[in-house]
Amino acid sequence: MPPSDRAIAALATLAAAIPGGERRVPQEQMAGAVADAIGSGRHLLAQAGTGTGKSFAYLVPAILAGKRVVVATATKALQDQLAGKDLPFLEEHLGREVTFAVLKGRSNYVCRQRIAEISGAGQLALDGLADRASPSELSALKLWAASTPTGDRAELSAEPSPQAWAAVSVSAQECPGARRCPSGGACFAEAARQRAAEADVVVVNLHLLGLDLATGGAILPEHHLVVVDEAHQLEDVISDTSGYELSAGRFANLARSVRAILDDPAAVDDLETSGDLLSAVLTEHVDRRLRGALPVEVADALALIRARLDRVMASLRKVPDDAPDDVKTRKERAVQLTTTVMADVVGAAEVPETSVAWVEGPSHHPKLCVAPLDVSELLRARLWEQTTTVLTSATLPAGLAERVGLVAGSFDQLDVGSPFDYDANGLLYCAAHLPDPRSDAFDPAVHEELGALIAAAGGRTLALFTSYRSMDRAVEALRGELPGPLLSQRDLPKPALVEAFTNDESASLFATMGFWQGIDVPGRTLSLVTIDRLPFPRPDEPLLQARREQARADAFRLIDLPRTAMMLAQGVGRLIRSREDRGVVAVFDPRLATAKRYRWDLISALPPFRRTKDRAEVEAFLRDLTA
């Protein structure tokens, strides 16, 4: 039996094992394509709408082929779904042994050596943590470290303070490695890597995959297949992990590491004041791209900081190599961290034309960012030429293959659609009568429109905004005027906010870009999704600005339009999450109906809802849902 037929037959068996389960044609189409990709070694881009069951569509053929697969996800929710639900189900019902492991970055695991060091006399003071983390919290973490089987931060019943976790963990940039660490034989991070090396399926986040590619494969175990789920984020994440940031926080962290090994207050002070100096010279450049030669004050500050790092490194090298093990470990950590910071300081001083430099963050804590303009060469050399890869998402932006360096003829592409009946269950409404979004009359008109639709829906609304400013104005205008509670993104942490919204059908949730994707609220709780403006990327976003300059006349078509279509589709995708869901997506930006140049590019990226411009029709549809 061909591998594609085996995968489809296995999916049919799994569907029968699920109470109320049913076969899904889009899922089987995608599984067959994944099986063919594994057999041929050709890459696959698979767009699979909500409800496809794409995790089984790629996991089943990979497992049946006996290939070790790395699944890189963009969200913790999807990681949790894979490790807590999908893979255990496959392990039980697929009819063959399935082993899996979740692998995270080193700083997510408690460090036994750090625990040993802060337990030693005087070490807490040496690390400068005595006035930064409460002794009771550190004691609790030490007790937990003695009993936890994995050392994974996610297992803690309460989130530790950043100061306390910094005291009991190390980053990849400062860890000397198991062979040079006295506690290396009992290292939680190394144990996690060993479990990953023995597993059939390794689940990681997309950032860890990016770091593995940036370091030439130094993190992940050998594997035969990579699946990138939520692949619409691939380009941005790889750019992020291939770049670096310099901020006062990095120098404060380095100062703590150096203080733990050097009895040299002047050297430590130099590091801490270097962070202050960097913040001072960057403040006036916040939200600016740094073109060409660096501003004189920034260049001078980096030169001074480099000289200070040279002096620190010279002092570290004087620490005897025959020192006790714990001293040698602290030296190794400080040397590695100093080396990493030094490399970034040197790189920032002379940014190549292939990279972009800019300053972001609040003025009291700015950071200098450097990222590559183009990640296609890195991906081509480290991923496409090395490992068969499946890229999948509910929305794959146009031109993705070209932008990430996939060579024409080396990949296949398909769109399996979705099993949901969007035409029957949903309505896409564009408020074409509203004023231009750039006019002063737009926000008040949106508030009136939004209030009327929420009243018809009886709450049950996720209102998405493209900026905090727009959201805050809407909250101010409508709080107290709606049929149920108005929950703002500023009110609660994201998980608590989603839970509160899910548990109250009369509630409305107002949120910004962080809620346009990764939010899953099926059922009657969510019957109306509203979008204030088309989510065009900011014109002054430095990396995109540089890419636009590179694309010249094609910038809008190649850069802005695909991102806008992808983000709009992600926001719209919050509505229909199950076969039973019904509701309305309302877009208040009239350009979706009037912009001849690009409206169909955007509409074509959306699920095939029935469309209308008639608000009365929308209100009647919503009232029927509450009847």
# chains A, B, ... in the order shown; residues from 1 in each chain; ligands from 1
call {"tool": "residues_around", "arguments": {"residues": "stretch 361-370 of chain A", "least_positions_apart": "2", "cutoff": "12 Å", "atoms": "only C-alpha atoms", "output": "number ranges by chain"}}
result
A: 239-251, 275-291, 294, 298-299, 302, 344-359, 372-373, 542-543
call {"tool": "closest_atom_pairs", "arguments": {"of": "stretch 489-553 of chain A", "to": "stretch 414-431 of chain A", "cutoff": "10 Å", "atoms": "only C-alpha atoms", "output": "JSON lines"}}
result
{"residue": "A:Ser527", "atom": "CA", "partner": "A:Gly426", "partner_atom": "CA", "distance": 9.3}
{"residue": "A:Leu528", "atom": "CA", "partner": "A:Leu427", "partner_atom": "CA", "distance": 9.6}
{"residue": "A:Val529", "atom": "CA", "partner": "A:Leu428", "partner_atom": "CA", "distance": 9.7}
{"residue": "A:Thr530", "atom": "CA", "partner": "A:Tyr429", "partner_atom": "CA", "distance": 9.3}
{"residue": "A:Ile531", "atom": "CA", "partner": "A:Cys430", "partner_atom": "CA", "distance": 9.7}
call {"tool": "residues_around", "arguments": {"residues": "stretch 316-322 of chain A", "least_positions_apart": "2", "cutoff": "8 Å", "atoms": "only C-alpha atoms", "output": "mmCIF file with C-alpha atoms, in the first residue's frame"}}
result
data_model
loop_
_atom_site.group_PDB
_atom_site.id
_atom_site.type_symbol
_atom_site.label_atom_id
_atom_site.label_comp_id
_atom_site.auth_asym_id
_atom_site.auth_seq_id
_atom_site.Cartn_x
_atom_site.Cartn_y
_atom_site.Cartn_z
ATOM 1 C CA ILE A 261 33.646 35.332 40.074
ATOM 2 C CA LEU A 262 35.646 38.588 40.167
ATOM 3 C CA VAL A 312 36.701 42.427 32.033
ATOM 4 C CA MET A 313 37.726 39.541 29.804
ATOM 5 C CA ALA A 314 41.378 40.044 30.689
ATOM 6 C CA PRO A 324 37.642 24.575 42.662
ATOM 7 C CA LYS A 328 35.641 27.267 37.355
ATOM 8 C CA LYS A 331 34.286 31.608 35.370
ATOM 9 C CA ALA A 334 31.076 34.750 32.845
ATOM 10 C CA VAL A 335 33.551 34.190 29.983
#
call {"tool": "atom_distance", "arguments": {"atom1": "atom CA of A:Pro135", "atom2": "atom CA of A:Asp325"}}
result
25.1 Å
call {"tool": "closest_atom_pairs", "arguments": {"of": "stretch 557-587 of chain A", "to": "stretch 505-515 of chain A", "cutoff": "10 Å", "atoms": "only C-alpha atoms", "output": "Markdown table"}}
result
| residue | atom | partner | partner_atom | distance |
| --- | --- | --- | --- | --- |
| A:Met567 | CA | A:Met513 | CA | 9.0 |
| A:Gln570 | CA | A:Phe515 | CA | 9.5 |
| A:Gly571 | CA | A:Phe515 | CA | 7.9 |
| A:Arg574 | CA | A:Phe515 | CA | 9.0 |
call {"tool": "closest_residue", "arguments": {"among": "A:Val201, A:Ala31, A:Leu209, A:Val170", "to": "A:Asn253", "atoms": "only C-alpha atoms"}}
result
A:Val170
